[in-house]
Amino acid sequence: MEIDLLGGCSKEELEYRIKKVASAGKLSRYPGNVFEVLDSCDDYEKNLKLIKRIIKMGHKSIIEHDYLVFAICDVSPIIEQTIIGNRLTSFTIKSRREVDFRSVGYYIPEFRDTNHKVHNENEKIKKEYKKHMQDLFDFYGEMVDDGINVEDARFILPYCYHSNIIMGLNARELEKMVISFLYGRLSRISEVKELGEKLYDLIKKYVPYLVDNIESQVKNDENPFNILEDNVERPEIEILKEAKIISHTDNPDEVVLESHIMYHYQCTKEKAKEILEIMEQKDNTIKAKLMQEILNKSENRELEQVYFTIQIPISLSILTHLTRHRMHSLLVPEFVPMWNLNNFIIPNTIKEKGWEEKFKEKVKKNIEVFNKFKKMGIADEDLIYFYIGGQMCNVVTTMNARNIQWVCRLRCCNKAQWQIRNIANQIANQVKKIAPLIGKGIGPTCITNHICNEGRESCGLIDKILLNDSAKGENI
């Protein structure tokens, strides 16, 4: 694992970054305009002291003006999924849909026992681990060489393969992330703790105002599920067959339309409902027209007034496709305790090419080695690398209609990865049944807006749609 801060590291850059944050802290109480405040913050040590005093009081919004970008090299997707869960953080990740991963390398933990002490057979265990993981990577390579695309072959990759990431976040999010990695429940995972330590080393050099608060933290890795586990025996994991909307706002079409009227006319809900009824008496298609206008607005926040809670079965290979849509409330199960490794999915291309049985054999072997290590008393936190890309889990999320519109624009597209496309289409179809007017705007842009932004990489559906539109026009 290697991490570097991209920019903001020279003496001049560091002093300027500190000056920006200090100016934000000084602005609300200092006479004069913002430029006069900036000019007054010309002493690095005084600026640093001011920032520390302000954030110690709990006023941390000022450090959101310090934005940092990190290059993160050779970490596992365990790290990837963990940091992407920080929704106010931005990421760019090397694509497993485009790049052959057979030679990227993989993470090798120092295997610990259940007391989190280095296992007395650590070296022997690591040797067997490396042999097994290399076998999975070799199998991945064999499938790719046989013409299976990398986006489907990756479903056999173990969750230890190396990933590379560019991560951008403000200092407030950085502080929260590092505290979680060093002192929270996630610190039980050695790789996560190592990331926290490396980020903290950079903080000491380049974000010095965070040091005091991070150093003052105490370990808090208690199990947040004690009440559940003390009262209910853990049931078998049951993977859903498809995405399912389990709750939603009542009458979402009506709520959106009435919200549109309420905020434009500043009237009550009752008055908005009355206005809508009067309009409909004049034109029985007015609701559809009004909704279409809302759907096509650039700032259609009316759609944010209604929610849909969805349970989704998804593989680990595709989970980041969902997680990276940050403006929804996603609940992903923790990696520990271990899930049922028998819950996995095999892409159709692998079946069609005749690799299905070999795939199953490799999964079976993976489970056998996992069970052997488990019986040896290895901590679950070091066994999480036995998850494979095809491992299935259920997640729960709540999205407003605007977010669903955005997700489906991208993920219902024929160019989207097949599993996330199926999930998006399942969600879109259910929304259309619950809220048919909103549903008119849910789907790929070629269908909802008759436009495609893929250029030369377009699937070609837009040409058929536009041709059909033209034919209808000629008929008219």
# chains A, B, ... in the order shown; residues from 1 in each chain; ligands from 1
call {"tool": "closest_atom_pairs", "arguments": {"of": "stretch 32-107 of chain A", "to": "stretch 401-418 of chain A", "cutoff": "12 Å", "atoms": "only C-alpha atoms", "output": "tab-separated table"}}
result
residue	atom	partner	partner_atom	distance
A:Ser95	CA	A:Gln417	CA	11.7
A:Arg96	CA	A:Gln417	CA	10.9
A:Arg97	CA	A:Gln417	CA	8.2
A:Glu98	CA	A:Gln417	CA	11.3
call {"tool": "residues_around", "arguments": {"residues": "A:Phe139", "least_positions_apart": "5", "cutoff": "10 Å", "atoms": "only C-alpha atoms", "output": "PyMOL selection string"}}
result
chain A and resi 102+133-134+144-145+153+156-157+358-359+362
call {"tool": "write_last_selection", "arguments": {"atoms": "C-alpha atoms", "output": "compact mmCIF listing (two decimals), in the first residue's frame"}}
result
# COMPACT_ATOMS: atom_id res chain seq x y z
CA ARG A 102 -4.55 -10.99 -13.78
CA MET A 133 -5.18 -16.88 -4.55
CA GLN A 134 -2.76 -17.22 -7.44
CA VAL A 144 -10.07 -13.99 -20.46
CA ASP A 145 -7.74 -15.77 -22.91
CA ALA A 153 -14.28 -12.92 -15.66
CA ILE A 156 -14.08 -15.09 -9.79
CA LEU A 157 -11.48 -12.61 -8.55
CA LYS A 358 -14.87 -25.10 -13.56
CA PHE A 359 -16.11 -21.86 -12.01
CA LYS A 362 -12.97 -22.95 -8.01
call {"tool": "select_by_dssp", "arguments": {"residues": "stretch 19-179 of chain A", "states": "strand (DSSP E)", "output": "PyMOL selection string"}}
result
chain A and resi 67-75+90-93+163-170
call {"tool": "write_last_selection", "arguments": {"atoms": "C-alpha atoms", "output": "PDB file, in the first residue's frame"}}
result
ATOM      1  CA  TYR A  67      -9.711  20.156  -0.177  1.00  0.00           C
ATOM      2  CA  LEU A  68      -7.163  17.362  -0.525  1.00  0.00           C
ATOM      3  CA  VAL A  69      -6.555  14.799  -3.255  1.00  0.00           C
ATOM      4  CA  PHE A  70      -4.789  11.510  -2.542  1.00  0.00           C
ATOM      5  CA  ALA A  71      -3.322   8.837  -4.808  1.00  0.00           C
ATOM      6  CA  ILE A  72      -3.926   5.422  -3.230  1.00  0.00           C
ATOM      7  CA  CYS A  73      -1.932   2.560  -4.717  1.00  0.00           C
ATOM      8  CA  ASP A  74      -2.320  -1.207  -4.275  1.00  0.00           C
ATOM      9  CA  VAL A  75      -5.185  -1.546  -1.816  1.00  0.00           C
ATOM     10  CA  SER A  90     -14.987  11.783  -4.589  1.00  0.00           C
ATOM     11  CA  PHE A  91     -13.285   8.798  -6.216  1.00  0.00           C
ATOM     12  CA  THR A  92     -11.870   7.619  -9.511  1.00  0.00           C
ATOM     13  CA  ILE A  93     -11.035   3.907  -9.608  1.00  0.00           C
ATOM     14  CA  SER A 163      -7.042  -1.593  -6.697  1.00  0.00           C
ATOM     15  CA  ASN A 164      -5.791   1.942  -7.434  1.00  0.00           C
ATOM     16  CA  ILE A 165      -7.736   5.036  -6.511  1.00  0.00           C
ATOM     17  CA  ILE A 166      -7.656   8.815  -6.681  1.00  0.00           C
ATOM     18  CA  MET A 167      -9.626  10.174  -3.733  1.00  0.00           C
ATOM     19  CA  GLY A 168     -10.632  13.785  -3.127  1.00  0.00           C
ATOM     20  CA  LEU A 169     -12.214  15.063   0.080  1.00  0.00           C
ATOM     21  CA  ASN A 170     -12.267  18.054   2.369  1.00  0.00           C
TER      22      ASN A 170
END
call {"tool": "residues_around", "arguments": {"residues": "stretch 458-472 of chain A", "least_positions_apart": "6", "cutoff": "8 Å", "atoms": "only C-alpha atoms", "output": "number ranges by chain"}}
result
A: 414-415, 446-447, 450-452
call {"tool": "write_last_selection", "arguments": {"atoms": "N, CA and C atoms", "output": "mmCIF file, in the first residue's frame"}}
result
data_model
loop_
_atom_site.group_PDB
_atom_site.id
_atom_site.type_symbol
_atom_site.label_atom_id
_atom_site.label_comp_id
_atom_site.auth_asym_id
_atom_site.auth_seq_id
_atom_site.Cartn_x
_atom_site.Cartn_y
_atom_site.Cartn_z
ATOM 1 N N ASN A 414 -28.057 0.662 -22.305
ATOM 2 C CA ASN A 414 -27.573 -0.630 -22.798
ATOM 3 C C ASN A 414 -26.073 -0.817 -22.608
ATOM 4 N N LYS A 415 -25.344 0.289 -22.417
ATOM 5 C CA LYS A 415 -23.903 0.199 -22.226
ATOM 6 C C LYS A 415 -23.522 -0.045 -20.765
ATOM 7 N N CYS A 446 -32.181 8.025 -23.902
ATOM 8 C CA CYS A 446 -32.643 7.843 -25.280
ATOM 9 C C CYS A 446 -34.148 7.633 -25.325
ATOM 10 N N ILE A 447 -34.686 7.012 -24.271
ATOM 11 C CA ILE A 447 -36.127 6.751 -24.219
ATOM 12 C C ILE A 447 -36.877 7.907 -23.577
ATOM 13 N N HIS A 450 -35.049 11.282 -25.619
ATOM 14 C CA HIS A 450 -34.669 11.108 -27.029
ATOM 15 C C HIS A 450 -33.318 11.756 -27.351
ATOM 16 N N ILE A 451 -32.375 11.608 -26.411
ATOM 17 C CA ILE A 451 -31.010 12.063 -26.639
ATOM 18 C C ILE A 451 -30.055 10.982 -26.136
ATOM 19 N N CYS A 452 -28.837 10.958 -26.695
ATOM 20 C CA CYS A 452 -27.799 10.023 -26.237
ATOM 21 C C CYS A 452 -26.480 10.775 -26.197
#
call {"tool": "residues_around", "arguments": {"residues": "A:Ser187", "least_positions_apart": "4", "cutoff": "12 Å", "atoms": "only C-alpha atoms", "output": "number ranges by chain"}}
result
A: 79, 82, 116, 177-183, 191-197, 219-222, 381
call {"tool": "write_last_selection", "arguments": {"atoms": "C-alpha atoms", "output": "PDB file, in the first residue's frame"}}
result
ATOM      1  CA  ILE A  79     -10.605  -0.531   1.189  1.00  0.00           C
ATOM      2  CA  THR A  82     -15.033   1.138   2.793  1.00  0.00           C
ATOM      3  CA  HIS A 116      -6.082 -10.518  17.058  1.00  0.00           C
ATOM      4  CA  MET A 177     -12.437   8.923   7.983  1.00  0.00           C
ATOM      5  CA  VAL A 178      -9.102   8.656   9.800  1.00  0.00           C
ATOM      6  CA  ILE A 179     -10.700   8.559  13.251  1.00  0.00           C
ATOM      7  CA  SER A 180     -12.965   5.746  12.061  1.00  0.00           C
ATOM      8  CA  PHE A 181     -10.061   3.779  10.588  1.00  0.00           C
ATOM      9  CA  LEU A 182      -7.792   4.211  13.608  1.00  0.00           C
ATOM     10  CA  TYR A 183     -10.212   3.922  16.508  1.00  0.00           C
ATOM     11  CA  GLU A 191      -5.591  -3.144   6.064  1.00  0.00           C
ATOM     12  CA  VAL A 192      -8.097  -0.454   7.013  1.00  0.00           C
ATOM     13  CA  LYS A 193      -6.063   0.475  10.078  1.00  0.00           C
ATOM     14  CA  GLU A 194      -2.914   0.641   7.954  1.00  0.00           C
ATOM     15  CA  LEU A 195      -4.664   3.057   5.592  1.00  0.00           C
ATOM     16  CA  GLY A 196      -5.687   5.162   8.587  1.00  0.00           C
ATOM     17  CA  GLU A 197      -2.092   5.235   9.838  1.00  0.00           C
ATOM     18  CA  LYS A 219     -10.861   3.425  20.790  1.00  0.00           C
ATOM     19  CA  ASN A 220     -14.556   2.732  20.223  1.00  0.00           C
ATOM     20  CA  ASP A 221     -14.998  -0.534  18.332  1.00  0.00           C
ATOM     21  CA  GLU A 222     -17.978  -1.904  20.233  1.00  0.00           C
ATOM     22  CA  GLU A 381     -11.256  -9.865   9.791  1.00  0.00           C
TER      23      GLU A 381
END
